[in-house]
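Asks: Have a peek at input_32.pdb (PDB, C-alpha atoms).
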ATOM      1  CA  MET I   1      93.966  85.060 100.615
ATOM      2  CA  THR I   2      90.692  83.121 100.821
ATOM      3  CA  GLY I   3      89.618  79.809 102.301
ATOM      4  CA  LEU I   4      86.462  77.757 102.225
ATOM      5  CA  THR I   5      84.988  74.790 104.101
ATOM      6  CA  ASN I   6      82.529  72.837 101.953
ATOM      7  CA  GLN I   7      81.202  70.140 104.259
ATOM      8  CA  LEU I   8      81.112  68.746 107.773
ATOM      9  CA  SER I   9      80.620  65.104 108.714
ATOM     10  CA  ILE I  10      77.952  64.159 111.244
ATOM     11  CA  ASP I  11      80.454  62.530 113.588
ATOM     12  CA  ASP I  12      82.483  65.774 113.596
ATOM     13  CA  LEU I  13      79.329  67.759 114.347
ATOM     14  CA  TYR I  14      78.525  65.355 117.191
ATOM     15  CA  ALA I  15      82.059  65.514 118.592
ATOM     16  CA  THR I  16      81.973  69.326 118.554
ATOM     17  CA  HIS I  17      78.483  69.974 119.926
ATOM     18  CA  HIS I  18      77.149  66.894 121.730
ATOM     19  CA  LYS I  19      77.927  68.342 125.185
ATOM     20  CA  LYS I  20      76.629  71.840 124.479
ATOM     21  CA  LEU I  21      73.460  70.574 122.791
ATOM     22  CA  GLU I  22      73.105  67.527 125.089
ATOM     23  CA  LEU I  23      72.851  65.254 122.083
ATOM     24  CA  LYS I  24      72.244  61.529 122.551
ATOM     25  CA  TRP I  25      72.834  59.267 119.545
ATOM     26  CA  VAL I  26      69.921  56.806 119.528
ATOM     27  CA  ALA I  27      69.938  55.293 116.028
ATOM     28  CA  GLY I  28      71.572  55.353 112.591
ATOM     29  CA  GLN I  29      75.152  55.197 113.887
ATOM     30  CA  GLN I  30      76.228  53.654 110.582
ATOM     31  CA  GLY I  31      75.612  57.046 108.937
ATOM     32  CA  ALA I  32      78.316  58.819 110.960
ATOM     33  CA  LYS I  33      80.239  59.836 107.817
ATOM     34  CA  HIS I  34      77.264  61.497 106.162
ATOM     35  CA  ALA I  35      77.973  65.161 105.499
ATOM     36  CA  ILE I  36      76.279  68.495 105.847
ATOM     37  CA  VAL I  37      77.284  70.493 102.785
ATOM     38  CA  ARG I  38      77.839  74.206 102.296
ATOM     39  CA  ASP I  39      74.624  76.203 101.974
ATOM     40  CA  GLU I  40      75.388  77.644  98.528
ATOM     41  CA  GLU I  41      75.948  74.141  97.194
ATOM     42  CA  ALA I  42      72.825  72.951  98.937
ATOM     43  CA  THR I  43      70.689  75.595  97.240
ATOM     44  CA  LYS I  44      71.829  74.867  93.692
ATOM     45  CA  LYS I  45      69.223  73.442  91.358
ATOM     46  CA  PRO I  46      69.465  69.646  91.395
ATOM     47  CA  SER I  47      70.540  67.799  88.287
ATOM     48  CA  LYS I  48      67.737  66.335  86.168
ATOM     49  CA  LYS I  49      69.538  63.009  85.957
ATOM     50  CA  ASN I  50      70.636  62.504  89.542
ATOM     51  CA  THR I  51      69.696  64.693  92.488
ATOM     52  CA  ARG I  52      71.341  62.508  95.172
ATOM     53  CA  LYS I  53      75.057  62.131  94.452
ATOM     54  CA  ARG I  54      77.196  60.916  97.366
ATOM     55  CA  SER I  55      80.538  62.426  98.395
ATOM     56  CA  SER I  56      83.381  59.966  97.865
ATOM     57  CA  SER I  57      85.289  61.257 100.905
ATOM     58  CA  LEU I  58      82.479  61.648 103.444
ATOM     59  CA  ASP I  59      79.702  59.602 101.842
ATOM     60  CA  ALA I  60      77.487  62.697 101.901
ATOM     61  CA  VAL I  61      73.776  62.041 101.657
ATOM     62  CA  ALA I  62      72.522  65.614 101.878
ATOM     63  CA  THR I  63      70.924  66.487  98.545
ATOM     64  CA  GLN I  64      71.706  69.671  96.690
ATOM     65  CA  SER I  65      68.149  70.904  97.206
ATOM     66  CA  LEU I  66      68.242  70.852 101.021
ATOM     67  CA  SER I  67      68.821  73.930 103.185
ATOM     68  CA  LEU I  68      71.034  73.689 106.274
ATOM     69  CA  VAL I  69      68.797  73.273 109.322
ATOM     70  CA  GLY I  70      65.191  73.810 110.340
ATOM     71  CA  HIS I  71      62.045  72.360 111.839
ATOM     72  CA  LEU I  72      60.441  69.368 110.189
ATOM     73  CA  ASN I  73      59.193  70.355 106.746
ATOM     74  CA  LEU I  74      58.012  67.615 104.402
ATOM     75  CA  ILE I  75      57.692  70.016 101.451
ATOM     76  CA  HIS I  76      60.974  71.906 101.792
ATOM     77  CA  PRO I  77      63.217  69.559 103.818
ATOM     78  CA  HIS I  78      66.476  70.448 105.564
ATOM     79  CA  GLN I  79      69.815  68.707 105.899
ATOM     80  CA  ILE I  80      69.340  68.700 109.684
ATOM     81  CA  GLN I  81      65.685  68.014 110.443
ATOM     82  CA  ILE I  82      64.604  69.243 113.882
ATOM     83  CA  ILE I  83      61.547  67.484 115.289
ATOM     84  CA  GLY I  84      60.153  69.205 118.351
ATOM     85  CA  ASN I  85      57.103  68.848 120.556
ATOM     86  CA  MET I  86      54.671  70.272 117.967
ATOM     87  CA  GLU I  87      55.945  67.942 115.246
ATOM     88  CA  ILE I  88      55.691  64.906 117.546
ATOM     89  CA  GLN I  89      52.119  65.893 118.435
ATOM     90  CA  TYR I  90      51.338  66.187 114.723
ATOM     91  CA  LEU I  91      52.765  62.727 113.993
ATOM     92  CA  ASP I  92      50.878  61.230 116.947
ATOM     93  CA  SER I  93      47.622  62.737 115.661
ATOM     94  CA  LEU I  94      47.915  60.856 112.369
ATOM     95  CA  ARG I  95      46.431  57.464 111.657
ATOM     96  CA  ASP I  96      48.950  54.632 111.513
ATOM     97  CA  ILE I  97      49.176  54.545 107.731
ATOM     98  CA  SER I  98      49.471  58.343 107.500
ATOM     99  CA  MET I  99      52.197  58.363 110.171
ATOM    100  CA  ARG I 100      54.153  55.714 108.274
ATOM    101  CA  ASP I 101      53.882  57.785 105.093
ATOM    102  CA  ALA I 102      54.992  60.973 106.864
ATOM    103  CA  ILE I 103      58.012  59.318 108.475
ATOM    104  CA  ALA I 104      58.913  57.630 105.194
ATOM    105  CA  GLN I 105      58.823  61.043 103.520
ATOM    106  CA  ILE I 106      61.280  62.416 106.109
ATOM    107  CA  PHE I 107      63.884  59.860 105.047
ATOM    108  CA  ARG I 108      62.992  60.024 101.355
ATOM    109  CA  SER I 109      64.677  63.442 101.207
ATOM    110  CA  GLN I 110      67.843  61.834 102.674
ATOM    111  CA  PRO I 111      68.653  64.350 105.443
ATOM    112  CA  ALA I 112      72.141  64.330 106.928
ATOM    113  CA  CYS I 113      70.630  63.695 110.360
ATOM    114  CA  VAL I 114      67.456  64.050 112.426
ATOM    115  CA  ILE I 115      67.268  65.559 115.925
ATOM    116  CA  VAL I 116      64.267  65.014 118.199
ATOM    117  CA  ALA I 117      64.211  68.073 120.482
ATOM    118  CA  ASP I 118      62.298  69.274 123.558
ATOM    119  CA  GLY I 119      63.054  66.019 125.392
ATOM    120  CA  CYS I 120      60.335  64.255 123.395
ATOM    121  CA  LYS I 121      60.053  60.483 123.288
ATOM    122  CA  VAL I 122      61.263  59.113 119.960
ATOM    123  CA  PRO I 123      58.634  57.136 118.018
ATOM    124  CA  THR I 124      59.703  53.514 117.492
ATOM    125  CA  LEU I 125      59.053  53.776 113.755
ATOM    126  CA  LEU I 126      61.383  56.780 113.539
ATOM    127  CA  LYS I 127      64.201  54.742 115.115
ATOM    128  CA  ARG I 128      63.569  51.807 112.792
ATOM    129  CA  LYS I 129      63.579  53.968 109.658
ATOM    130  CA  SER I 130      66.709  55.745 110.854
ATOM    131  CA  ASN I 131      68.548  52.428 111.057
ATOM    132  CA  GLU I 132      67.122  51.227 107.735
ATOM    133  CA  HIS I 133      68.297  54.357 105.887
ATOM    134  CA  SER I 134      71.522  54.793 107.897
ATOM    135  CA  ILE I 135      70.467  58.324 108.884
ATOM    136  CA  PRO I 136      71.837  59.452 112.284
ATOM    137  CA  LEU I 137      69.084  60.122 114.811
ATOM    138  CA  PHE I 138      69.726  62.190 117.958
ATOM    139  CA  THR I 139      67.678  63.368 120.895
ATOM    140  CA  SER I 140      68.125  66.565 122.917
ATOM    141  CA  PRO I 141      66.238  68.095 125.860
ATOM    142  CA  ILE I 142      66.884  71.583 124.429
ATOM    143  CA  ASN I 143      64.065  73.590 122.834
ATOM    144  CA  GLY I 144      63.788  73.074 119.077
ATOM    145  CA  ASN I 145      63.898  76.787 118.240
ATOM    146  CA  GLN I 146      67.108  77.160 120.239
ATOM    147  CA  LEU I 147      68.651  74.171 118.458
ATOM    148  CA  VAL I 148      67.857  75.687 115.068
ATOM    149  CA  ASP I 149      69.409  79.037 116.048
ATOM    150  CA  ILE I 150      72.595  77.511 117.479
ATOM    151  CA  LEU I 151      73.188  75.093 114.604
ATOM    152  CA  TYR I 152      72.406  77.632 111.895
ATOM    153  CA  TYR I 153      74.792  80.168 113.421
ATOM    154  CA  PHE I 154      77.537  77.550 113.756
ATOM    155  CA  LEU I 155      77.119  76.147 110.239
ATOM    156  CA  SER I 156      76.717  79.490 108.451
ATOM    157  CA  ASN I 157      79.945  80.706 110.056
ATOM    158  CA  LEU I 158      81.735  77.432 109.338
ATOM    159  CA  PHE I 159      80.795  77.463 105.657
ATOM    160  CA  ALA I 160      81.343  81.182 105.120
ATOM    161  CA  GLU I 161      83.979  82.190 102.587
ATOM    162  CA  VAL I 162      87.047  83.481 104.425
ATOM    163  CA  LEU I 163      89.349  86.316 103.388
ATOM    164  CA  THR I 164      92.561  87.375 105.147
ATOM    165  CA  LEU I 165      93.584  91.021 104.681
ATOM    166  CA  HIS I 166      96.724  92.858 105.717
ATOM    167  CA  GLY I 167      96.141  95.543 108.318
ATOM    168  CA  VAL I 168      95.080  96.204 111.896
ATOM    169  CA  TYR I 169      91.440  95.530 112.739
ATOM    170  CA  MET I 170      89.949  97.487 115.636
ATOM    171  CA  GLU I 171      86.743  98.575 117.296
ATOM    172  CA  VAL I 172      86.764 102.385 117.179
ATOM    173  CA  MET I 173      83.782 104.372 118.455
ATOM    174  CA  THR I 174      81.737 101.106 118.569
ATOM    175  CA  ILE I 175      82.266 100.223 114.863
ATOM    176  CA  GLY I 176      84.658  97.789 113.180
ATOM    177  CA  VAL I 177      87.471  99.644 111.402
ATOM    178  CA  LEU I 178      90.200  98.043 109.281
ATOM    179  CA  ILE I 179      93.346 100.175 109.205
ATOM    180  CA  THR I 180      95.352  99.496 106.049
ATOM    181  CA  GLY I 181      98.356 101.026 104.347
ATOM    182  CA  SER I 182     101.850 100.244 103.147
ATOM    183  CA  SER I 183     104.345  98.528 105.443
ATOM    184  CA  GLY I 184     105.968 100.910 107.922
ATOM    185  CA  ILE I 185     103.439 103.722 107.501
ATOM    186  CA  GLY I 186     102.412 103.566 111.167
ATOM    187  CA  LYS I 187      99.362 101.273 111.421
ATOM    188  CA  SER I 188     100.498  99.551 114.613
ATOM    189  CA  GLU I 189     101.602 102.813 116.238
ATOM    190  CA  LEU I 190      98.197 104.297 115.484
ATOM    191  CA  ALA I 191      96.516 101.176 116.865
ATOM    192  CA  LEU I 192      98.577 101.435 120.068
ATOM    193  CA  GLU I 193      97.534 105.043 120.569
ATOM    194  CA  LEU I 194      93.883 104.180 119.928
ATOM    195  CA  ILE I 195      94.068 101.351 122.470
ATOM    196  CA  SER I 196      95.512 103.775 125.027
ATOM    197  CA  ARG I 197      92.496 106.028 124.339
ATOM    198  CA  GLY I 198      90.040 103.246 125.203
ATOM    199  CA  HIS I 199      89.397 101.592 121.849
ATOM    200  CA  ARG I 200      89.819  97.850 121.348
ATOM    201  CA  LEU I 201      92.094  95.619 119.283
ATOM    202  CA  ILE I 202      90.634  92.710 117.343
ATOM    203  CA  ALA I 203      93.539  91.580 115.159
ATOM    204  CA  ASP I 204      96.950  92.798 114.077
ATOM    205  CA  ASP I 205      98.596  92.048 110.727
ATOM    206  CA  ALA I 206      96.246  89.360 109.382
ATOM    207  CA  PRO I 207      92.585  89.768 110.405
ATOM    208  CA  VAL I 208      90.222  87.164 108.983
ATOM    209  CA  PHE I 209      86.903  88.205 107.420
ATOM    210  CA  SER I 210      83.885  86.130 106.468
ATOM    211  CA  ARG I 211      80.482  86.999 105.057
ATOM    212  CA  ILE I 212      77.853  85.684 107.458
ATOM    213  CA  ALA I 213      74.868  87.411 105.808
ATOM    214  CA  PRO I 214      74.243  89.025 102.402
ATOM    215  CA  ASP I 215      75.484  92.417 103.649
ATOM    216  CA  ILE I 216      77.435  91.569 106.820
ATOM    217  CA  ILE I 217      81.187  90.916 106.996
ATOM    218  CA  ASN I 218      82.459  89.547 110.299
ATOM    219  CA  GLY I 219      86.093  90.121 111.286
ATOM    220  CA  THR I 220      88.058  87.954 113.723
ATOM    221  CA  CYS I 221      91.643  87.217 114.727
ATOM    222  CA  PRO I 222      93.558  83.993 113.986
ATOM    223  CA  LYS I 223      94.174  82.077 117.218
ATOM    224  CA  THR I 224      97.951  82.316 116.833
ATOM    225  CA  LEU I 225      97.797  86.134 116.772
ATOM    226  CA  GLN I 226      95.205  86.785 119.461
ATOM    227  CA  ASP I 227      96.117  89.557 121.955
ATOM    228  CA  PHE I 228      99.381  90.434 120.198
ATOM    229  CA  LEU I 229     100.429  93.657 118.486
ATOM    230  CA  GLU I 230     103.754  94.307 116.759
ATOM    231  CA  VAL I 231     105.120  97.855 117.063
ATOM    232  CA  ARG I 232     108.353  98.778 115.348
ATOM    233  CA  GLY I 233     111.042  99.495 117.919
ATOM    234  CA  LEU I 234     109.093  97.796 120.714
ATOM    235  CA  GLY I 235     108.594  94.385 119.152
ATOM    236  CA  ILE I 236     105.712  92.064 120.026
ATOM    237  CA  MET I 237     103.452  93.218 122.855
ATOM    238  CA  ASN I 238     100.587  91.441 124.592
ATOM    239  CA  VAL I 239      97.803  94.021 124.598
ATOM    240  CA  ARG I 240      95.668  92.060 127.048
ATOM    241  CA  GLU I 241      98.483  91.916 129.600
ATOM    242  CA  LEU I 242      99.355  95.600 129.128
ATOM    243  CA  PHE I 243      95.873  97.148 129.053
ATOM    244  CA  GLY I 244      93.536  94.455 130.431
ATOM    245  CA  ASP I 245      90.742  92.331 128.989
ATOM    246  CA  SER I 246      88.713  95.385 128.009
ATOM    247  CA  ALA I 247      91.351  96.306 125.398
ATOM    248  CA  ILE I 248      90.587  93.181 123.358
ATOM    249  CA  LYS I 249      87.510  92.457 121.260
ATOM    250  CA  ARG I 250      86.933  88.952 119.933
ATOM    251  CA  ASN I 251      85.115  89.907 116.731
ATOM    252  CA  LYS I 252      83.282  92.786 115.088
ATOM    253  CA  TYR I 253      81.299  93.438 111.920
ATOM    254  CA  LEU I 254      83.339  95.385 109.375
ATOM    255  CA  ASN I 255      81.898  98.875 108.904
ATOM    256  CA  LEU I 256      84.739 101.016 107.596
ATOM    257  CA  ILE I 257      88.163 100.744 105.955
ATOM    258  CA  VAL I 258      90.703 103.506 106.600
ATOM    259  CA  GLN I 259      93.713 103.527 104.309
ATOM    260  CA  LEU I 260      96.746 105.417 105.595
ATOM    261  CA  GLN I 261      98.634 107.089 102.773
ATOM    262  CA  SER I 262     101.771 109.170 102.925
ATOM    263  CA  MET I 263     101.214 112.516 101.186
ATOM    264  CA  ASP I 264     103.097 115.731 100.595
ATOM    265  CA  SER I 265     101.514 119.189 100.618
ATOM    266  CA  LYS I 266     100.672 119.059  96.887
ATOM    267  CA  LYS I 267      98.717 115.810  97.245
ATOM    268  CA  LEU I 268      96.932 117.174 100.302
ATOM    269  CA  LEU I 269      95.770 120.202  98.317
ATOM    270  CA  ALA I 270      94.280 117.891  95.678
ATOM    271  CA  PHE I 271      91.788 116.444  98.176
ATOM    272  CA  ASP I 272      88.129 117.421  97.969
ATOM    273  CA  ARG I 273      87.790 120.048 100.698
ATOM    274  CA  LEU I 274      84.131 119.231 101.327
ATOM    275  CA  GLU I 275      83.719 115.480 100.899
ATOM    276  CA  GLY I 276      87.224 114.219 101.615
ATOM    277  CA  SER I 277      88.212 110.872 100.061
ATOM    278  CA  TYR I 278      85.200 108.624 100.445
ATOM    279  CA  SER I 279      84.923 105.512  98.243
ATOM    280  CA  THR I 280      84.049 101.824  98.646
ATOM    281  CA  ARG I 281      85.978  98.562  98.489
ATOM    282  CA  ASN I 282      84.461  95.215  97.555
ATOM    283  CA  ILE I 283      85.060  92.659 100.304
ATOM    284  CA  LEU I 284      83.505  89.237  99.664
ATOM    285  CA  ASP I 285      80.906  90.840  97.352
ATOM    286  CA  VAL I 286      79.928  93.449  99.951
ATOM    287  CA  GLU I 287      80.694  97.127  99.328
ATOM    288  CA  ILE I 288      82.468  98.517 102.403
ATOM    289  CA  PRO I 289      82.996 102.317 102.792
ATOM    290  CA  GLU I 290      86.653 103.348 102.565
ATOM    291  CA  ILE I 291      88.426 106.551 103.565
ATOM    292  CA  THR I 292      91.942 107.570 102.592
ATOM    293  CA  LEU I 293      93.562 109.295 105.553
ATOM    294  CA  PRO I 294      96.670 111.357 104.699
ATOM    295  CA  VAL I 295      99.744 110.749 106.820
ATOM    296  CA  ALA I 296     101.781 113.921 107.132
ATOM    297  CA  SER I 297     103.855 115.754 109.709
ATOM    298  CA  GLY I 298     101.805 117.426 112.460
ATOM    299  CA  ARG I 299      98.590 115.408 111.931
ATOM    300  CA  ASN I 300      97.158 113.631 114.992
ATOM    301  CA  LEU I 301      96.011 110.391 113.393
ATOM    302  CA  ALA I 302      94.313 109.000 116.504
ATOM    303  CA  ILE I 303      91.968 111.981 116.800
ATOM    304  CA  MET I 304      91.376 111.927 113.048
ATOM    305  CA  MET I 305      90.547 108.216 113.227
ATOM    306  CA  GLU I 306      88.029 108.805 116.005
ATOM    307  CA  CYS I 307      86.433 111.634 114.022
ATOM    308  CA  ALA I 308      86.378 109.493 110.865
ATOM    309  CA  ALA I 309      84.568 106.703 112.726
ATOM    310  CA  GLN I 310      82.076 109.074 114.348
ATOM    311  CA  ASN I 311      81.477 110.878 111.050
ATOM    312  CA  HIS I 312      80.834 107.528 109.356
ATOM    313  CA  ILE I 313      78.204 106.745 111.994
ATOM    314  CA  LEU I 314      76.533 110.087 111.242
ATOM    315  CA  ARG I 315      76.614 109.447 107.484
ATOM    316  CA  VAL I 316      75.037 106.017 107.949
ATOM    317  CA  SER I 317      72.274 107.625 110.017
ATOM    318  CA  GLY I 318      71.605 110.049 107.147
ATOM    319  CA  TYR I 319      73.558 113.131 108.233
ATOM    320  CA  ASN I 320      76.138 114.416 105.733
ATOM    321  CA  ALA I 321      78.023 117.469 106.998
ATOM    322  CA  ALA I 322      79.287 118.381 103.518
ATOM    323  CA  GLU I 323      75.753 118.417 102.098
ATOM    324  CA  ILE I 324      74.421 120.462 105.031
ATOM    325  CA  PHE I 325      77.293 122.931 104.655
ATOM    326  CA  ALA I 326      76.757 123.261 100.877
ATOM    327  CA  LYS I 327      73.021 123.852 101.286
ATOM    328  CA  ARG I 328      73.622 126.452 103.994
ATOM    329  CA  GLN I 329      76.091 128.318 101.793
ATOM    330  CA  ALA I 330      73.658 128.158  98.864
ATOM    331  CA  ARG I 331      70.880 129.639 101.019
ATOM    332  CA  PHE I 332      73.220 132.359 102.286
ATOM    333  CA  MET I 333      74.295 133.283  98.745
ATOM    334  CA  GLN I 334      70.690 133.319  97.534
ATOM    335  CA  SER I 335      69.672 135.478 100.484
ATOM    336  CA  ALA I 336      72.506 137.922  99.792
ATOM    337  CA  LYS I 337      71.553 138.022  96.107
ATOM    338  CA  ASN I 338      67.926 138.874  96.912
ATOM    339  CA  LYS I 339      68.870 141.833  99.100
TER
END
Give the structure from the file, written as structure tokens.

Replies:
Amino acid sequence: MTGLTNQLSIDDLYATHHKKLELKWVAGQQGAKHAIVRDEEATKKPSKKNTRKRSSSLDAVATQSLSLVGHLNLIHPHQIQIIGNMEIQYLDSLRDISMRDAIAQIFRSQPACVIVADGCKVPTLLKRKSNEHSIPLFTSPINGNQLVDILYYFLSNLFAEVLTLHGVYMEVMTIGVLITGSSGIGKSELALELISRGHRLIADDAPVFSRIAPDIINGTCPKTLQDFLEVRGLGIMNVRELFGDSAIKRNKYLNLIVQLQSMDSKKLLAFDRLEGSYSTRNILDVEIPEITLPVASGRNLAIMMECAAQNHILRVSGYNAAEIFAKRQARFMQSAKNK
């Protein structure tokens, strides 16, 4: 199941972050319904006929050619233009006519809003143009670089494509591991044992994943499910209350998928004795390593899960036990042959 947020109005952004970012709305209040649009839409090539179409629902003014947020750039503008101390000094260094041209160019690109950072005094012309073009103008005492980082992180996560998968998501041996498998195979029981061994629960049943970078998938828990784990025979348990705050992890990047699969002795014999069952699964266009872990009588799944996670860490670092073993055997056989 996937979900997607395409845009965010300026008044919603202000309501969410004005306290944290110490934003003060100084001009352009009539542009409160302007929208910041999803990055992928913003980076599409603009139409030859009309590059500034407005959203009927939010009256969006951000053009398709604008990136999300950044410092003032008259050549490659942003939807949220951050003007800090250096930019103010640059504008002040210009002659009057050049300053008017530069400020006019800021609004020509139709940004969603402008934020004057670093506690700088707002030029009168900037306020006037903001009101003329109905572009929200804010001030903040926070450093411009910090504003860019905070807003980019917030917006990139907000606009990320979301995917809900069935399984238990945990932090095992410092990496994010999604435990999957058919209903009743023992995912929650395994999770409970791992928690008792010091590992941490992120989400049970329906973890939510989003791609926050080209090769990074972030996993979180829906608010309604946070802290809870369902174990057959025991019902719903609050892991935080049972094991403490340290047993819960808010989010984690997805590194490994472990699929639990019930197998008889014949299927177990069919496994590759050296490599095991390594493959990959495509999650939001990112290839995530996947291991099939056999569920059979007498197998300690918790220990196997810990070893699988640790072995994955070694493989990522470049160490492959199967390859080392094969090379050692080859050298031994060659040595014996030469004798």

Asks: Find the nearest atom pair between each residue of region 161-247 of chain I and region 34-39 of chain I for residues within 12 Å, count only C-alpha atoms, give distances in Å to one decimal, sort rows by chain and ascending number, and present the table as JSON lines.

Replies:
{"residue": "I:Glu161", "atom": "CA", "partner": "I:Arg38", "partner_atom": "CA", "distance": 10.1}
{"residue": "I:Ile212", "atom": "CA", "partner": "I:Asp39", "partner_atom": "CA", "distance": 11.4}
{"residue": "I:Ala213", "atom": "CA", "partner": "I:Asp39", "partner_atom": "CA", "distance": 11.8}

Asks: Write out as a PyMOL selection string the residues lying within 10 Å of Glu193 (chain I), counting all atoms listed in the file and excluding same-chain residues fewer than 6 positions away.

Replies: chain I and resi 199+301-303

Asks: Could you list the residues chosen by the PyMOL selection byres ((chain I and resi 179) around 6) in this structure as a PyMOL selection string?

Replies: chain I and resi 167-168+178+180+258-259

Asks: Applying 9 Å and all atoms listed in the file, which residues near region 149-151 of chain I remain after dropping the ones on its own chain fewer than 2 positions away? List them as a list in words.

Replies: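 Listing them by chain and then by number gives Leu21, Leu68, Val69, Gly70, Ile80, Gly144, Asn145, Gln146, Leu147, Tyr153, Phe154, Leu155 and Ser156 of chain I.
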
Asks: Quick one: write out the picked residues with C-alpha atoms as a short mmCIF file (atom, residue, chain, number, x, y, z; two decimals), keeping the file's coordinate frame?

Replies:
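Just written: again-v8.cif:
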data_model
loop_
_atom_site.label_atom_id
_atom_site.label_comp_id
_atom_site.auth_asym_id
_atom_site.auth_seq_id
_atom_site.Cartn_x
_atom_site.Cartn_y
_atom_site.Cartn_z
CA LEU I 21 73.46 70.57 122.79
CA LEU I 68 71.03 73.69 106.27
CA VAL I 69 68.80 73.27 109.32
CA GLY I 70 65.19 73.81 110.34
CA ILE I 80 69.34 68.70 109.68
CA GLY I 144 63.79 73.07 119.08
CA ASN I 145 63.90 76.79 118.24
CA GLN I 146 67.11 77.16 120.24
CA LEU I 147 68.65 74.17 118.46
CA TYR I 153 74.79 80.17 113.42
CA PHE I 154 77.54 77.55 113.76
CA LEU I 155 77.12 76.15 110.24
CA SER I 156 76.72 79.49 108.45
#

Asks: Apply the PyMOL selection byres ((chain I and resi 115-119) around 12) to the structure shown and report the selected residues as a PyMOL selection string.

Replies: chain I and resi 10+14+18+21-28+69-72+78-89+106+111-114+120-123+126-127+130+135-148+151

Asks: Would you kindly translate the PyMOL selection byres ((chain I and resi 225) around 10) into the concrete residues it picks from this file, as JSON, numbers by chain?

Replies: {"I": [202, 203, 204, 205, 206, 207, 221, 222, 223, 224, 226, 227, 228, 229, 238]}

Asks: Kindly give the distance, in Å, that separates CA of Val231 (chain I) and CA of Ile185 (chain I), rounded to a single decimal.

Replies: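 Taking CA of Val231 (chain I) and CA of Ile185 (chain I), their separation equals 11.3 Å.
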
Asks: Find the distance between CA of Phe159 (chain I) and CA of Pro214 (chain I) and write it in Å to one decimal.

Replies: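 Computing it gives 13.7 Å between the two atoms.
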